[in-house]
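Have a look at the structure below before the remarks.
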Amino acid sequence: MSVSESEGLLRGADPIRGVERQEARLAWGLVLPAVGTILLVALFPLAWTVWESVHLHDLRMPWLGRPFIGAANYLEALGDPRFWGALGHTAFFAATSVGLELILGLGLALAMNRAFRGRGLVRAAILVPWAIPTVVAGLLWRFMFAGEGGIVNETLLDLGLLREPLVWFIEAETAWVPVILADVWKTTPFVALLLLAGLQNIDASLYEAARIDGAAAWGQFRHVTLPLLKPAILVALIFRTLDAFRVFDLVYALTGGGPGTSTEPIALYTFNALLQNLRFGYGSALSVIVFAITFGLALIYIRLLGAELTGSKR
Amino acid sequence: MVALTLLVMASAFPFYWAIVSSFTPESRLFQSPPLFPADLVLDHYRTLFNERNFWVPVRNSLIVAGTTTAFCVAIGGLCAYALARLEFRGKSLLLGVILAVGMFPQISVVSPLYLVLRQLRLINTYPGLILPYLTFAMPLTIWLLVGFFRQLPAELEEAAMVDGASRLRAFREVIVPLALPGLATTAILTFVYSWNEFLFALSFTLGPERQTVPVAIALFRGQYQVPWGQILAAAIVATAPVTLLVLAFQRRIVQGLTAGAVKG
């Protein structure tokens, strides 16, 4: 906004409203480039995905054109066992990994909340897994779980827990082990840091009061720590579940969805439908379903969190 | 204390093991190598750069992540300032939409982005990666910066404005210098997320000349077997820059990561 323009506004009949209007105009000028970018690269494509999903669009068969077929793609998904399998794998992965991460993260946060020497070192050590590319994390764990001579097999053999090397990636049950461990390894630090920030917001005098009332360590944890930490736990739960639901990189690098499609998550199936099979209509319908599920989860969590934050008097 | 030491070791071990293995000759990689190796070789790193031209994906990643970060911090910074400090209608709606976009799954926009980029002949180009990266990087940047701007005392810019400076001048001369640490942290986090991104980079590149580091590593193939030594060397190269950045700024990064979430 130019100087003369702002002077003009200031000379208006109602100077306070003029200033307000000027501020609003400046604000819109400032947010416009970023908001325009988001509209262009995110919201407009999202609408397009919905449009694609109700059309038949197969890049391998361009002569078919792009006819409108209503809900046919969605109905196909509902009758597609590979889709239901992928959805099941995703739910299983999300529940298991997020559950483990919350438990471990809470333990880690409680331990880090006590002042001790070398806290910076601990924080640094747990930040490294968080910072490295997920694909790289997946490859590291695939390397460690290699069949012949991988460090995990070697260690289990040395300890006498295995008689012969286990080929981890040949059965679905064992292939999940490195996938979940890798995710827990990589993201527990993030959960721990979120919970630690929550712990540090708890007033120390509350523990004092609980102690005077005769609460032992467990009682303090149950009646002071847990209730006050609930918002932080919910936030961690939201972020992690939404993240786990779109898992792609880790599985791509670790198992490729195999053996067969027995560890294939929904994002990987959608990717394959789009860029391997070039079925853009069907793949878009899958994308919309993934989006809807994530959105639904987010809404449920936000309701829960909102109730937790505002209705605490109950 | 013991438990923490164990956890730190569990956390660091896979990384340690990758470093050690990346210096171990290929022939001995899977023959129960000792935990503390005696002889280390540079072979894998040599092959990686001399024969595999691994500097190409490194260059691609630097360009794509660097441009994305610069654009997001500049444009997103203005937006975040307005959202944090100015009063206008529709502000909370905007904040909500930006947060929602930041949370939605990347896979849900792959199909239209692919079709648009193909139409514009941007598949396998730098803009063809930078534009999709804005979908997650822009909301992330704005969300982090709103948090940082809110922490700054409002009196400072008010004082500057009483002294006759305009809003924009107050922003440029008072707020930006004060917010530099926050801007730097945001830039680092945005860079790390862009550097690590995989799905878009896999979807919108075709060959080695525009692949980013994570894609190049994931698609490594040997003639007869998986070239583990080179993959691990590449993993170390991919990890080193983000790890160094994160370690150097760890205190601030933890603040940035947790502030937005806890204060909501």
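Chains: A, B, ... in order of the structure tokens. Residues: from 1 per chain. Ligands: from 1, in order shown.
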
_Applying 8 Å and only C-alpha atoms, which residues near region 171-174 of chain A remain after dropping the ones on its own chain fewer than 3 positions away? List them as JSON, numbers by chain._
{"A": [168, 177, 178, 258, 259, 262, 263]}

*Test item, alpha helix (DSSP H) assignment across region 13-209 of chain B, answer as JSON, numbers by chain*: {"B": [13, 14, 15, 16, 17, 18, 19, 20, 21, 22, 43, 44, 45, 46, 47, 48, 49, 50, 55, 56, 57, 58, 59, 60, 61, 62, 63, 64, 65, 66, 67, 68, 69, 70, 71, 72, 73, 74, 75, 76, 77, 78, 79, 80, 81, 82, 83, 84, 85, 91, 92, 93, 94, 95, 96, 97, 98, 99, 100, 101, 102, 103, 110, 111, 112, 113, 114, 115, 116, 117, 118, 119, 127, 128, 129, 130, 131, 132, 133, 134, 135, 136, 137, 138, 139, 140, 141, 142, 143, 144, 145, 146, 147, 148, 149, 150, 151, 155, 156, 157, 158, 159, 160, 161, 162, 167, 168, 169, 170, 176, 177, 178, 179, 180, 181, 182, 183, 184, 185, 186, 187, 188, 189, 190, 191, 192, 193, 194, 195, 196, 199, 200, 201, 202, 203]}

*Find the distance between CA of Leu104 (chain A) and CA of Thr188 (chain A) and write it in Å to one decimal.*
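Interatomic distance here is 6.8 Å.
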
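If you look at CA of Leu7 (chain B) and CA of Gln200 (chain A), they are 20.8 Å away from each other.
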
*Rounded to one decimal place, report the CA of Ile293 (chain A)-CA of Pro105 (chain B) distance in Å.*
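Between CA of Ile293 (chain A) and CA of Pro105 (chain B) the gap works out to 10.0 Å.
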
*Got a sec: who's within 12 Å of Leu140 (chain B), counting only C-alpha atoms, leaving out chain neighbours fewer than 3 positions off, as a PyMOL selection string?*
(chain A and resi 34+38) or (chain B and resi 68-69+72-73+76-77+80+95+98-104+133-137+143-147+185-194+256-257+260-261)

*Counting only C-alpha atoms, what is within 7 Å of Gln230 (chain B), bar same-chain residues fewer than 3 positions away, as a VMD selection string?*
chain B and resid 44 to 45 48 227 233 to 234

_Selected residue, from A:Trp218, A:Tyr301, A:Phe93, A:Trp130, that lies nearest to chain B when counting only C-alpha atoms_ =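 Ranked by minimum distance to chain B, first place goes to A:Trp130.
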
Which residues are near Val247 (chain A)? Cut-off 10 Å, only C-alpha atoms, ignore same chain within fewer than 2 positions. Put them as a PDB file with N, CA and C atoms, in the first residue's frame.
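Produced file result13.pdb, reproduced below:
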```
ATOM      1  N   THR A  90      -3.432 -50.912   6.536  1.00  0.00           N
ATOM      2  CA  THR A  90      -3.176 -49.559   7.014  1.00  0.00           C
ATOM      3  C   THR A  90      -3.680 -49.399   8.449  1.00  0.00           C
ATOM      4  N   PHE A  93      -1.418 -51.325  10.782  1.00  0.00           N
ATOM      5  CA  PHE A  93      -0.148 -50.610  10.952  1.00  0.00           C
ATOM      6  C   PHE A  93      -0.324 -49.393  11.852  1.00  0.00           C
ATOM      7  N   ALA A  94      -1.388 -48.612  11.592  1.00  0.00           N
ATOM      8  CA  ALA A  94      -1.607 -47.387  12.374  1.00  0.00           C
ATOM      9  C   ALA A  94      -1.831 -47.729  13.847  1.00  0.00           C
ATOM     10  N   THR A 134      12.589 -40.933   5.453  1.00  0.00           N
ATOM     11  CA  THR A 134      11.889 -42.173   5.791  1.00  0.00           C
ATOM     12  C   THR A 134      12.330 -43.329   4.897  1.00  0.00           C
ATOM     13  N   ASP A 183       9.113 -47.907  12.106  1.00  0.00           N
ATOM     14  CA  ASP A 183       8.267 -46.739  12.348  1.00  0.00           C
ATOM     15  C   ASP A 183       8.365 -46.291  13.808  1.00  0.00           C
ATOM     16  N   THR A 241      -1.642 -40.675  14.101  1.00  0.00           N
ATOM     17  CA  THR A 241      -2.582 -41.530  13.373  1.00  0.00           C
ATOM     18  C   THR A 241      -2.720 -41.061  11.932  1.00  0.00           C
ATOM     19  N   LEU A 242      -2.860 -39.731  11.758  1.00  0.00           N
ATOM     20  CA  LEU A 242      -3.014 -39.226  10.392  1.00  0.00           C
ATOM     21  C   LEU A 242      -1.779 -39.581   9.568  1.00  0.00           C
ATOM     22  N   ASP A 243      -0.611 -39.460  10.195  1.00  0.00           N
ATOM     23  CA  ASP A 243       0.646 -39.797   9.528  1.00  0.00           C
ATOM     24  C   ASP A 243       0.705 -41.279   9.183  1.00  0.00           C
ATOM     25  N   ALA A 244       0.345 -42.116  10.155  1.00  0.00           N
ATOM     26  CA  ALA A 244       0.421 -43.561   9.941  1.00  0.00           C
ATOM     27  C   ALA A 244      -0.560 -43.978   8.855  1.00  0.00           C
ATOM     28  N   PHE A 245      -1.683 -43.261   8.746  1.00  0.00           N
ATOM     29  CA  PHE A 245      -2.684 -43.649   7.774  1.00  0.00           C
ATOM     30  C   PHE A 245      -2.239 -43.406   6.338  1.00  0.00           C
ATOM     31  N   ASP A 249       6.327 -44.246   2.125  1.00  0.00           N
ATOM     32  CA  ASP A 249       7.780 -44.345   1.937  1.00  0.00           C
ATOM     33  C   ASP A 249       8.356 -45.577   2.621  1.00  0.00           C
ATOM     34  N   LEU A 250       7.965 -45.752   3.892  1.00  0.00           N
ATOM     35  CA  LEU A 250       8.570 -46.797   4.714  1.00  0.00           C
ATOM     36  C   LEU A 250       8.305 -48.174   4.119  1.00  0.00           C
ATOM     37  N   VAL A 251       7.054 -48.437   3.760  1.00  0.00           N
ATOM     38  CA  VAL A 251       6.693 -49.743   3.212  1.00  0.00           C
ATOM     39  C   VAL A 251       7.304 -49.927   1.821  1.00  0.00           C
ATOM     40  N   TYR A 252       7.310 -48.862   1.041  1.00  0.00           N
ATOM     41  CA  TYR A 252       7.894 -48.927  -0.296  1.00  0.00           C
ATOM     42  C   TYR A 252       9.344 -49.398  -0.210  1.00  0.00           C
ATOM     43  N   GLU A 264       0.728 -54.283   1.809  1.00  0.00           N
ATOM     44  CA  GLU A 264       0.485 -53.081   1.003  1.00  0.00           C
ATOM     45  C   GLU A 264      -0.505 -52.152   1.691  1.00  0.00           C
ATOM     46  N   PRO A 265      -0.082 -50.928   2.032  1.00  0.00           N
ATOM     47  CA  PRO A 265      -1.024 -49.978   2.621  1.00  0.00           C
ATOM     48  C   PRO A 265      -1.818 -49.261   1.531  1.00  0.00           C
ATOM     49  N   ILE A 266      -2.845 -48.537   1.952  1.00  0.00           N
ATOM     50  CA  ILE A 266      -3.777 -47.935   0.994  1.00  0.00           C
ATOM     51  C   ILE A 266      -3.082 -46.905   0.103  1.00  0.00           C
ATOM     52  N   ALA A 267      -2.124 -46.160   0.643  1.00  0.00           N
ATOM     53  CA  ALA A 267      -1.448 -45.149  -0.181  1.00  0.00           C
ATOM     54  C   ALA A 267      -0.636 -45.817  -1.294  1.00  0.00           C
ATOM     55  N   LEU A 268      -0.022 -46.957  -0.971  1.00  0.00           N
ATOM     56  CA  LEU A 268       0.773 -47.658  -1.979  1.00  0.00           C
ATOM     57  C   LEU A 268      -0.135 -48.272  -3.046  1.00  0.00           C
TER      58      LEU A 268
ATOM     59  N   PRO B 105      -3.604 -36.027   3.186  1.00  0.00           N
ATOM     60  CA  PRO B 105      -2.631 -36.976   2.640  1.00  0.00           C
ATOM     61  C   PRO B 105      -2.185 -36.582   1.234  1.00  0.00           C
ATOM     62  N   ILE B 107      -1.189 -38.352  -1.154  1.00  0.00           N
ATOM     63  CA  ILE B 107      -1.643 -39.217  -2.234  1.00  0.00           C
ATOM     64  C   ILE B 107      -2.939 -38.683  -2.849  1.00  0.00           C
TER      65      ILE B 107
END
```

*asked:* Residues near Val288 (chain A), anyone? I mean within 12 Å using only C-alpha atoms, not counting same-chain ones fewer than 5 positions away, as a PyMOL selection string.
replied: (chain A and resi 45-54+73-74+77+266-267+270+280-283+293-296) or (chain B and resi 104-112)

Expected file: the selected residues, N, CA and C atoms, as a tab-separated table (two decimals), in the first residue's frame:
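Once everything was written out, this is result07.tsv:
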```
chain	number	residue	atom	x	y	z
A	45	PRO	N	-6.39	-28.89	-7.05
A	45	PRO	CA	-6.16	-30.30	-7.38
A	45	PRO	C	-7.07	-31.25	-6.61
A	46	LEU	N	-7.34	-30.91	-5.35
A	46	LEU	CA	-8.20	-31.78	-4.56
A	46	LEU	C	-9.59	-31.88	-5.19
A	47	ALA	N	-10.10	-30.74	-5.63
A	47	ALA	CA	-11.41	-30.75	-6.29
A	47	ALA	C	-11.33	-31.56	-7.58
A	48	TRP	N	-10.21	-31.43	-8.28
A	48	TRP	CA	-10.03	-32.17	-9.52
A	48	TRP	C	-10.02	-33.68	-9.27
A	49	THR	N	-9.39	-34.10	-8.16
A	49	THR	CA	-9.39	-35.53	-7.83
A	49	THR	C	-10.82	-36.05	-7.73
A	50	VAL	N	-11.68	-35.26	-7.05
A	50	VAL	CA	-13.07	-35.67	-6.91
A	50	VAL	C	-13.71	-35.79	-8.29
A	51	TRP	N	-13.43	-34.82	-9.16
A	51	TRP	CA	-13.98	-34.84	-10.51
A	51	TRP	C	-13.50	-36.09	-11.28
A	52	GLU	N	-12.19	-36.35	-11.22
A	52	GLU	CA	-11.63	-37.53	-11.90
A	52	GLU	C	-12.31	-38.82	-11.42
A	53	SER	N	-12.61	-38.84	-10.11
A	53	SER	CA	-13.06	-40.09	-9.50
A	53	SER	C	-14.43	-40.53	-10.01
A	54	VAL	N	-15.18	-39.64	-10.63
A	54	VAL	CA	-16.48	-40.04	-11.17
A	54	VAL	C	-16.43	-40.16	-12.69
A	73	ASN	N	-16.56	-46.11	-10.09
A	73	ASN	CA	-15.23	-46.35	-9.53
A	73	ASN	C	-15.30	-46.69	-8.04
A	74	TYR	N	-16.20	-45.98	-7.34
A	74	TYR	CA	-16.34	-46.25	-5.91
A	74	TYR	C	-16.92	-47.64	-5.67
A	77	ALA	N	-14.30	-50.16	-6.05
A	77	ALA	CA	-13.44	-50.22	-4.87
A	77	ALA	C	-14.10	-51.07	-3.78
A	266	ILE	N	-2.84	-48.54	1.95
A	266	ILE	CA	-3.78	-47.94	0.99
A	266	ILE	C	-3.08	-46.90	0.10
A	267	ALA	N	-2.12	-46.16	0.64
A	267	ALA	CA	-1.45	-45.15	-0.18
A	267	ALA	C	-0.64	-45.82	-1.29
A	270	THR	N	-3.04	-47.12	-3.95
A	270	THR	CA	-3.50	-46.01	-4.77
A	270	THR	C	-2.41	-45.58	-5.76
A	280	PHE	N	-6.45	-43.64	-13.92
A	280	PHE	CA	-6.57	-42.39	-13.17
A	280	PHE	C	-7.95	-42.22	-12.54
A	281	GLY	N	-9.00	-42.69	-13.21
A	281	GLY	CA	-10.33	-42.58	-12.61
A	281	GLY	C	-10.42	-43.39	-11.33
A	282	TYR	N	-10.07	-44.67	-11.44
A	282	TYR	CA	-10.15	-45.55	-10.28
A	282	TYR	C	-9.20	-45.10	-9.17
A	283	GLY	N	-7.95	-44.77	-9.56
A	283	GLY	CA	-6.97	-44.30	-8.58
A	283	GLY	C	-7.45	-43.05	-7.86
A	293	ILE	N	-11.30	-40.66	4.75
A	293	ILE	CA	-11.01	-41.35	6.01
A	293	ILE	C	-10.15	-40.47	6.91
A	294	THR	N	-9.08	-39.89	6.33
A	294	THR	CA	-8.21	-39.03	7.13
A	294	THR	C	-8.99	-37.85	7.69
A	295	PHE	N	-9.83	-37.26	6.83
A	295	PHE	CA	-10.61	-36.11	7.24
A	295	PHE	C	-11.55	-36.49	8.39
A	296	GLY	N	-12.20	-37.65	8.24
A	296	GLY	CA	-13.10	-38.12	9.29
A	296	GLY	C	-12.37	-38.33	10.61
B	104	PHE	N	-3.65	-32.93	5.08
B	104	PHE	CA	-4.25	-33.92	4.21
B	104	PHE	C	-3.23	-34.77	3.46
B	105	PRO	N	-3.60	-36.03	3.19
B	105	PRO	CA	-2.63	-36.98	2.64
B	105	PRO	C	-2.18	-36.58	1.23
B	106	GLN	N	-0.88	-36.64	1.02
B	106	GLN	CA	-0.30	-36.27	-0.26
B	106	GLN	C	-0.89	-37.07	-1.42
B	107	ILE	N	-1.19	-38.35	-1.15
B	107	ILE	CA	-1.64	-39.22	-2.23
B	107	ILE	C	-2.94	-38.68	-2.85
B	108	SER	N	-3.71	-37.90	-2.08
B	108	SER	CA	-5.00	-37.46	-2.60
B	108	SER	C	-4.88	-36.39	-3.68
B	109	VAL	N	-3.67	-35.84	-3.91
B	109	VAL	CA	-3.56	-34.88	-5.01
B	109	VAL	C	-2.58	-35.35	-6.09
B	110	VAL	N	-2.09	-36.59	-5.98
B	110	VAL	CA	-1.13	-37.07	-6.97
B	110	VAL	C	-1.74	-37.10	-8.37
B	111	SER	N	-2.99	-37.60	-8.50
B	111	SER	CA	-3.53	-37.77	-9.85
B	111	SER	C	-3.71	-36.44	-10.59
B	112	PRO	N	-4.37	-35.43	-10.01
B	112	PRO	CA	-4.50	-34.18	-10.77
B	112	PRO	C	-3.16	-33.49	-11.01
```

*Name all residues at most 7 Å from region 236-248 of chain B (count only C-alpha atoms; drop same-chain ones fewer than 2 positions away) and give them as a VMD selection string.*
(chain A and resid 124 128 131 to 133) or (chain B and resid 19 192 213 232 to 234 250)

*asked:* Given only C-alpha atoms as the basis, pick out the residue of B:Gly128, B:Pro34, B:Pro57, B:Pro14 nearest to Tyr114 (chain B).
replied: B:Gly128

*So which one's closest to chain B, A:Trp141, A:Phe169, A:Trp84, A:Phe221? Using only C-alpha atoms, please.*
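Distance minimum relative to chain B lands on A:Trp141.
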
_With distances taken over only C-alpha atoms, which residue among B:Val56, B:Leu219, B:Leu42, B:Cys79 lies nearest chain A?_
B:Cys79

*Nearest to chain A among B:Ala18, B:Leu178, B:Ala216, B:Ala159, with distances taken over only C-alpha atoms: which residue is it?*
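Under the stated criterion, the closest residue is B:Ala18.
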
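Considering only C-alpha atoms, the residue among A:Leu87, A:Leu100, A:Ala192, A:Leu166 positioned nearest to chain B is A:Ala192.
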